[in-house]
>>> print(open('data05.csv').read())   # CSV, C-alpha atoms
chain,number,residue,atom,x,y,z
A,1,ASP,CA,0.0,0.0,0.0
A,2,SER,CA,1.5,3.3,-1.2
A,3,GLY,CA,-0.5,5.5,1.2
A,4,VAL,CA,-2.1,7.3,-1.7
A,5,THR,CA,-5.8,6.8,-1.9
A,6,GLN,CA,-8.1,7.4,-4.8
A,7,THR,CA,-11.9,7.3,-5.1
A,8,PRO,CA,-13.9,6.0,-6.7
A,9,LYS,CA,-12.1,2.8,-7.9
A,10,HIS,CA,-14.4,2.4,-10.9
A,11,LEU,CA,-16.6,4.9,-12.7
A,12,ILE,CA,-19.0,4.2,-15.5
A,13,THR,CA,-20.7,7.1,-17.2
A,14,ALA,CA,-22.1,8.3,-20.5
A,15,THR,CA,-20.7,10.6,-23.2
A,16,GLY,CA,-21.2,14.3,-22.5
A,17,GLN,CA,-21.2,13.8,-18.7
A,18,ARG,CA,-19.0,15.3,-16.0
A,19,VAL,CA,-17.1,13.4,-13.3
A,20,THR,CA,-14.9,14.2,-10.4
A,21,LEU,CA,-12.0,12.0,-9.3
A,22,ARG,CA,-10.5,12.4,-5.9
A,23,CYS,CA,-7.0,11.8,-4.6
A,24,SER,CA,-5.5,11.9,-1.1
A,25,PRO,CA,-1.7,12.1,-1.0
A,26,ARG,CA,0.5,10.3,1.5
A,27,SER,CA,0.8,12.1,4.8
A,28,GLY,CA,3.4,14.8,4.6
A,29,ASP,CA,3.6,14.9,0.8
A,30,LEU,CA,3.0,18.4,-0.7
A,31,SER,CA,2.9,17.5,-4.4
A,32,VAL,CA,0.2,15.7,-6.3
A,33,TYR,CA,0.5,14.5,-9.8
A,34,TRP,CA,-2.3,13.3,-12.2
A,35,TYR,CA,-1.6,10.8,-15.0
A,36,GLN,CA,-3.7,9.1,-17.5
A,37,GLN,CA,-3.0,5.5,-18.6
A,38,SER,CA,-4.6,4.1,-21.7
A,39,LEU,CA,-3.8,1.3,-24.1
A,40,ASP,CA,-3.1,3.5,-27.0
A,41,GLN,CA,-1.3,6.5,-25.3
A,42,GLY,CA,0.4,4.7,-22.4
A,43,LEU,CA,1.0,6.6,-19.2
A,44,GLN,CA,0.9,10.3,-19.7
A,45,PHE,CA,1.4,13.2,-17.3
A,46,LEU,CA,-1.5,15.5,-17.0
A,47,ILE,CA,-0.9,18.1,-14.3
A,48,GLN,CA,1.0,18.7,-11.0
A,49,TYR,CA,0.1,20.7,-7.9
A,50,TYR,CA,2.4,21.7,-5.2
A,51,ASN,CA,1.0,22.9,-1.9
A,52,GLY,CA,-2.2,24.2,-3.5
A,53,GLU,CA,-0.7,25.8,-6.6
A,54,GLU,CA,-0.4,24.5,-10.1
A,55,ARG,CA,3.3,23.6,-10.8
A,56,ALA,CA,3.3,22.0,-14.2
A,57,LYS,CA,0.9,21.1,-17.0
A,58,GLY,CA,1.3,18.2,-19.5
A,59,ASN,CA,-1.1,16.8,-22.1
A,60,ILE,CA,-4.2,17.9,-20.3
A,61,LEU,CA,-7.3,18.7,-22.3
A,62,GLU,CA,-9.2,21.9,-21.8
A,63,ARG,CA,-12.2,19.9,-20.8
A,64,PHE,CA,-10.2,18.6,-17.8
A,65,SER,CA,-9.3,20.7,-14.8
A,66,ALA,CA,-7.8,20.0,-11.4
A,67,GLN,CA,-7.2,21.6,-8.0
A,68,GLN,CA,-5.5,21.0,-4.8
A,69,PHE,CA,-7.3,21.9,-1.6
A,70,PRO,CA,-5.8,23.3,1.7
A,71,ASP,CA,-5.8,19.8,3.2
A,72,LEU,CA,-3.7,18.8,0.2
A,73,HIS,CA,-6.2,16.4,-1.3
A,74,SER,CA,-6.8,16.9,-5.0
A,75,GLU,CA,-9.6,16.6,-7.4
A,76,LEU,CA,-9.5,16.0,-11.2
A,77,ASN,CA,-12.6,17.2,-13.0
A,78,LEU,CA,-13.4,15.7,-16.4
A,79,SER,CA,-16.3,17.3,-18.4
A,80,SER,CA,-18.0,16.7,-21.8
A,81,LEU,CA,-16.7,13.2,-21.7
A,82,GLU,CA,-15.9,11.3,-24.8
A,83,LEU,CA,-15.4,7.7,-25.5
A,84,GLY,CA,-11.7,8.3,-25.9
A,85,ASP,CA,-11.5,9.5,-22.3
A,86,SER,CA,-11.9,6.0,-21.0
A,87,ALA,CA,-8.7,5.2,-19.1
A,88,LEU,CA,-7.1,4.6,-15.8
A,89,TYR,CA,-6.5,7.9,-14.0
A,90,LEU,CA,-3.6,7.7,-11.6
A,91,CYS,CA,-2.7,10.0,-8.9
A,92,ALA,CA,0.8,10.2,-7.4
A,93,SER,CA,2.3,12.2,-4.5
A,94,SER,CA,5.8,13.2,-3.5
A,95,VAL,CA,7.3,15.1,-0.6
A,96,SER,CA,8.3,18.1,-2.7
A,97,GLY,CA,7.9,19.3,-6.3
A,98,ARG,CA,11.5,20.5,-6.3
A,99,THR,CA,14.4,18.5,-7.3
A,100,GLN,CA,15.6,16.5,-4.3
A,101,LEU,CA,17.2,13.2,-4.6
A,102,PRO,CA,15.1,11.3,-4.8
A,103,ASP,CA,11.7,13.0,-5.0
A,104,THR,CA,10.0,9.6,-5.3
A,105,GLN,CA,6.5,9.6,-6.6
A,106,TYR,CA,4.1,7.1,-5.0
A,107,PHE,CA,1.1,6.1,-7.0
A,108,GLY,CA,-2.4,5.3,-5.9
A,109,PRO,CA,-4.4,2.4,-7.3
A,110,GLY,CA,-6.1,4.6,-9.8
A,111,THR,CA,-9.7,5.3,-10.9
A,112,ARG,CA,-10.8,3.3,-13.9
A,113,LEU,CA,-13.2,5.5,-16.0
A,114,THR,CA,-15.4,3.9,-18.6
A,115,VAL,CA,-17.3,6.2,-20.9
A,116,LEU,CA,-20.2,4.6,-22.8
B,1,GLN,CA,9.3,10.2,-32.3
B,2,LYS,CA,8.4,9.5,-28.7
B,3,GLU,CA,10.8,10.8,-26.1
B,4,VAL,CA,11.0,7.4,-24.5
B,5,GLU,CA,10.8,4.1,-26.4
B,6,GLN,CA,10.3,0.7,-24.8
B,7,ASP,CA,9.7,-2.7,-26.3
B,8,PRO,CA,6.1,-3.6,-25.3
B,9,GLY,CA,6.7,-7.3,-25.3
B,10,PRO,CA,5.1,-9.4,-24.1
B,11,LEU,CA,8.1,-11.3,-22.7
B,12,SER,CA,7.7,-14.8,-21.4
B,13,VAL,CA,10.6,-16.5,-19.6
B,14,PRO,CA,10.9,-19.7,-17.4
B,15,GLU,CA,11.4,-19.3,-13.7
B,16,GLY,CA,15.0,-18.7,-12.7
B,17,ALA,CA,15.9,-16.9,-16.0
B,18,ILE,CA,17.7,-13.6,-16.3
B,19,VAL,CA,15.4,-10.9,-17.7
B,20,SER,CA,16.6,-7.9,-19.5
B,21,LEU,CA,14.3,-4.9,-20.0
B,22,ASN,CA,15.4,-1.9,-22.1
B,23,CYS,CA,14.4,1.7,-22.9
B,24,THR,CA,15.9,4.3,-25.2
B,25,TYR,CA,15.4,8.0,-25.0
B,26,SER,CA,16.0,10.9,-27.3
B,27,ASN,CA,16.5,13.9,-25.0
B,28,SER,CA,19.8,14.2,-23.3
B,29,ALA,CA,18.3,16.6,-20.8
B,30,PHE,CA,16.8,13.8,-18.8
B,31,GLN,CA,18.5,13.7,-15.4
B,32,TYR,CA,16.7,10.9,-13.4
B,33,PHE,CA,15.9,7.4,-14.5
B,34,MET,CA,13.4,5.1,-12.8
B,35,TRP,CA,11.9,1.6,-13.2
B,36,TYR,CA,8.3,1.0,-12.0
B,37,ARG,CA,6.5,-2.3,-11.7
B,38,GLN,CA,2.8,-2.4,-12.2
B,39,TYR,CA,0.7,-5.4,-11.4
B,40,SER,CA,-2.7,-5.9,-13.0
B,41,ARG,CA,-5.3,-3.4,-11.7
B,42,LYS,CA,-2.8,-1.7,-9.5
B,43,GLY,CA,-0.8,1.5,-9.6
B,44,PRO,CA,2.9,1.6,-10.5
B,45,GLU,CA,5.4,1.0,-7.7
B,46,LEU,CA,8.9,2.3,-7.8
B,47,LEU,CA,11.5,-0.4,-8.1
B,48,MET,CA,14.7,1.5,-8.7
B,49,TYR,CA,16.0,4.9,-9.5
B,50,THR,CA,19.3,6.3,-10.6
B,51,TYR,CA,20.7,9.6,-11.9
B,52,SER,CA,24.2,8.7,-13.2
B,53,SER,CA,25.6,6.4,-15.8
B,54,GLY,CA,26.6,3.0,-14.5
B,55,ASN,CA,25.0,0.2,-12.6
B,56,LYS,CA,22.9,0.1,-9.4
B,57,GLU,CA,22.1,-3.1,-7.7
B,58,ASP,CA,19.2,-3.9,-5.3
B,59,GLY,CA,18.8,-7.6,-4.5
B,60,ARG,CA,17.9,-9.4,-7.7
B,61,PHE,CA,17.5,-6.2,-9.6
B,62,THR,CA,20.1,-4.2,-11.4
B,63,ALA,CA,19.5,-0.9,-13.1
B,64,GLN,CA,21.9,0.3,-15.8
B,65,VAL,CA,22.2,3.7,-17.4
B,66,ASP,CA,24.3,4.6,-20.4
B,67,LYS,CA,23.9,8.3,-21.0
B,68,SER,CA,26.2,8.4,-24.0
B,69,SER,CA,24.0,5.9,-25.8
B,70,LYS,CA,20.7,7.2,-24.2
B,71,TYR,CA,19.9,3.7,-23.1
B,72,ILE,CA,18.7,2.3,-19.8
B,73,SER,CA,18.2,-1.3,-18.8
B,74,LEU,CA,16.7,-3.3,-15.9
B,75,PHE,CA,18.0,-6.8,-15.2
B,76,ILE,CA,16.2,-9.3,-13.1
B,77,ARG,CA,18.1,-12.3,-11.9
B,78,ASP,CA,16.6,-15.6,-10.8
B,79,SER,CA,13.2,-14.4,-12.0
B,80,GLN,CA,10.1,-15.6,-10.0
B,81,PRO,CA,6.5,-16.0,-11.0
B,82,SER,CA,5.8,-13.1,-8.6
B,83,ASP,CA,7.8,-10.9,-11.0
B,84,SER,CA,5.1,-11.2,-13.6
B,85,ALA,CA,3.9,-7.7,-14.2
B,86,THR,CA,4.3,-4.7,-16.5
B,87,TYR,CA,7.6,-2.9,-16.2
B,88,LEU,CA,7.7,0.8,-17.0
B,89,CYS,CA,10.8,2.9,-17.4
B,90,ALA,CA,10.4,6.5,-16.5
B,91,MET,CA,12.5,9.6,-16.7
B,92,SER,CA,12.4,13.2,-15.5
B,93,TYR,CA,14.2,16.4,-16.3
B,94,GLY,CA,14.4,17.5,-12.7
B,95,GLY,CA,14.2,21.3,-12.1
B,96,ALA,CA,11.1,22.9,-10.7
B,97,THR,CA,8.8,20.1,-11.8
B,98,ASN,CA,9.3,16.4,-11.3
B,99,LYS,CA,6.9,15.1,-14.0
B,100,LEU,CA,7.7,11.7,-15.2
B,101,ILE,CA,7.9,10.6,-18.9
B,102,PHE,CA,7.1,7.0,-19.2
B,103,GLY,CA,7.8,4.3,-21.7
B,104,THR,CA,4.9,2.2,-22.9
B,105,GLY,CA,5.8,-0.7,-20.6
B,106,THR,CA,6.9,-4.3,-21.1
B,107,LEU,CA,4.6,-7.1,-20.0
B,108,LEU,CA,6.6,-9.8,-18.4
B,109,ALA,CA,5.4,-13.3,-17.6
B,110,VAL,CA,7.6,-15.7,-15.6
B,111,GLN,CA,6.4,-19.3,-16.1
B,112,PRO,CA,6.8,-21.7,-13.1
>>> encode(input="data05.csv", output="C-alpha cells")
Amino acid sequence: DSGVTQTPKHLITATGQRVTLRCSPRSGDLSVYWYQQSLDQGLQFLIQYYNGEERAKGNILERFSAQQFPDLHSELNLSSLELGDSALYLCASSVSGRTQLPDTQYFGPGTRLTVL
Amino acid sequence: QKEVEQDPGPLSVPEGAIVSLNCTYSNSAFQYFMWYRQYSRKGPELLMYTYSSGNKEDGRFTAQVDKSSKYISLFIRDSQPSDSATYLCAMSYGGATNKLIFGTGTLLAVQP
C-alpha cells in the first residue's frame, strides 16, 4: 500500500457527462500529480500541484481541470466526456515538487473510468 | 518520435531466467531514470531509480544507465512468478517540476 488513496475505484458514465476523481496524498507529501493511462497512449502526465498551486501542465485537455485543496487532497474534473477519455486515471504524490534526490512519486491504485 | 521508447513485449521466460528490459530515449536533458513495476489493476510502484551512468544493484534487480547511448536497462536475476507484471521505465528532467515521462511498458510473464 503506497499510502495514496483514490476514489472511486471504478466509474462508468455516458458521453457528455462530467465526473470528479479524488486523490488523497501520503501524509506529509505536498505534491500531487495526475496521470492518464490508456492502451493507445500509455501513461501520460496531466498536471502537477504543489502545496495548492499548479506547478506544471502536461497533455491535459481543456475539458479537464484539477485543483488541490488546503488539506492537500486533489480533485480532477473531467467534463464533456468522450469515448476516448476511457482510461485509468492515476494520482501520485511526493514530498516536494522540487528536485531533491530522490523525490519519489508514490502512485495510488487509480480510478478506472469507462465512458459509454 | 516518442521521447522514451520501450519494447512492449510481451516477454515470457521460465522461472530462474535472467530478464533484460530496455528503454531508449532521445532527449539528453533527462536527469533521473526510474523503473516502476505495475501489477494488473494496481498503480505503478517504484523499483529502482538512478541519476548517473553505470550500474545500481538492489537484490535481484540491477538498473543500468548509459547516458552516452541514451539507453537504460533493468536486469532481473533468478526471476520468479511473482515478478510477472508490466515494467515501466520513467525519466524526468528535474528542475522545478518532477513530472515523469514513461515508456509504454513491457509485459513480463515468468512461467513456473
>>> interface_residues(input="data05.csv", of="chain A", to="chain B", cutoff="12 Å", atoms="all atoms listed in the file", output="MDAnalysis selection string")
chainID A and resid 1:6 9:10 31:50 54:59 87:112
>>> residues_around(input="data05.csv", residues="Cys23 in chain B", least_positions_apart="6", cutoff="9 Å", atoms="only C-alpha atoms", output="CSV table (one decimal) with C-alpha atoms, in the coordinates of the input")
chain,number,residue,atom,x,y,z
B,4,VAL,CA,11.0,7.4,-24.5
B,5,GLU,CA,10.8,4.1,-26.4
B,6,GLN,CA,10.3,0.7,-24.8
B,7,ASP,CA,9.7,-2.7,-26.3
B,70,LYS,CA,20.7,7.2,-24.2
B,71,TYR,CA,19.9,3.7,-23.1
B,72,ILE,CA,18.7,2.3,-19.8
B,73,SER,CA,18.2,-1.3,-18.8
B,74,LEU,CA,16.7,-3.3,-15.9
B,88,LEU,CA,7.7,0.8,-17.0
B,89,CYS,CA,10.8,2.9,-17.4
B,90,ALA,CA,10.4,6.5,-16.5
B,103,GLY,CA,7.8,4.3,-21.7
>>> residues_near_point(input="data05.csv", point="(18.3, -13.4, -15.8)", cutoff="8 Å", atoms="all atoms listed in the file", output="PyMOL selection string")
chain B and resi 16-20+75-79
>>> residues_around(input="data05.csv", residues="Asp83 in chain B", least_positions_apart="6", cutoff="10 Å", atoms="only C-alpha atoms", output="list in words")
Glu15, Arg37, Gln38, Tyr39, Ile76, Leu108, Ala109, Val110 and Gln111 of chain B
>>> atom_distance(input="data05.csv", atom1="CA of Tyr25 in chain B", atom2="CA of Arg60 in chain B")
24.7 Å
>>> atom_distance(input="data05.csv", atom1="CA of Gln64 in chain B", atom2="CA of Pro81 in chain B")
22.9 Å
>>> atom_distance(input="data05.csv", atom1="CA of Leu83 in chain A", atom2="CA of Val115 in chain A")
5.2 Å
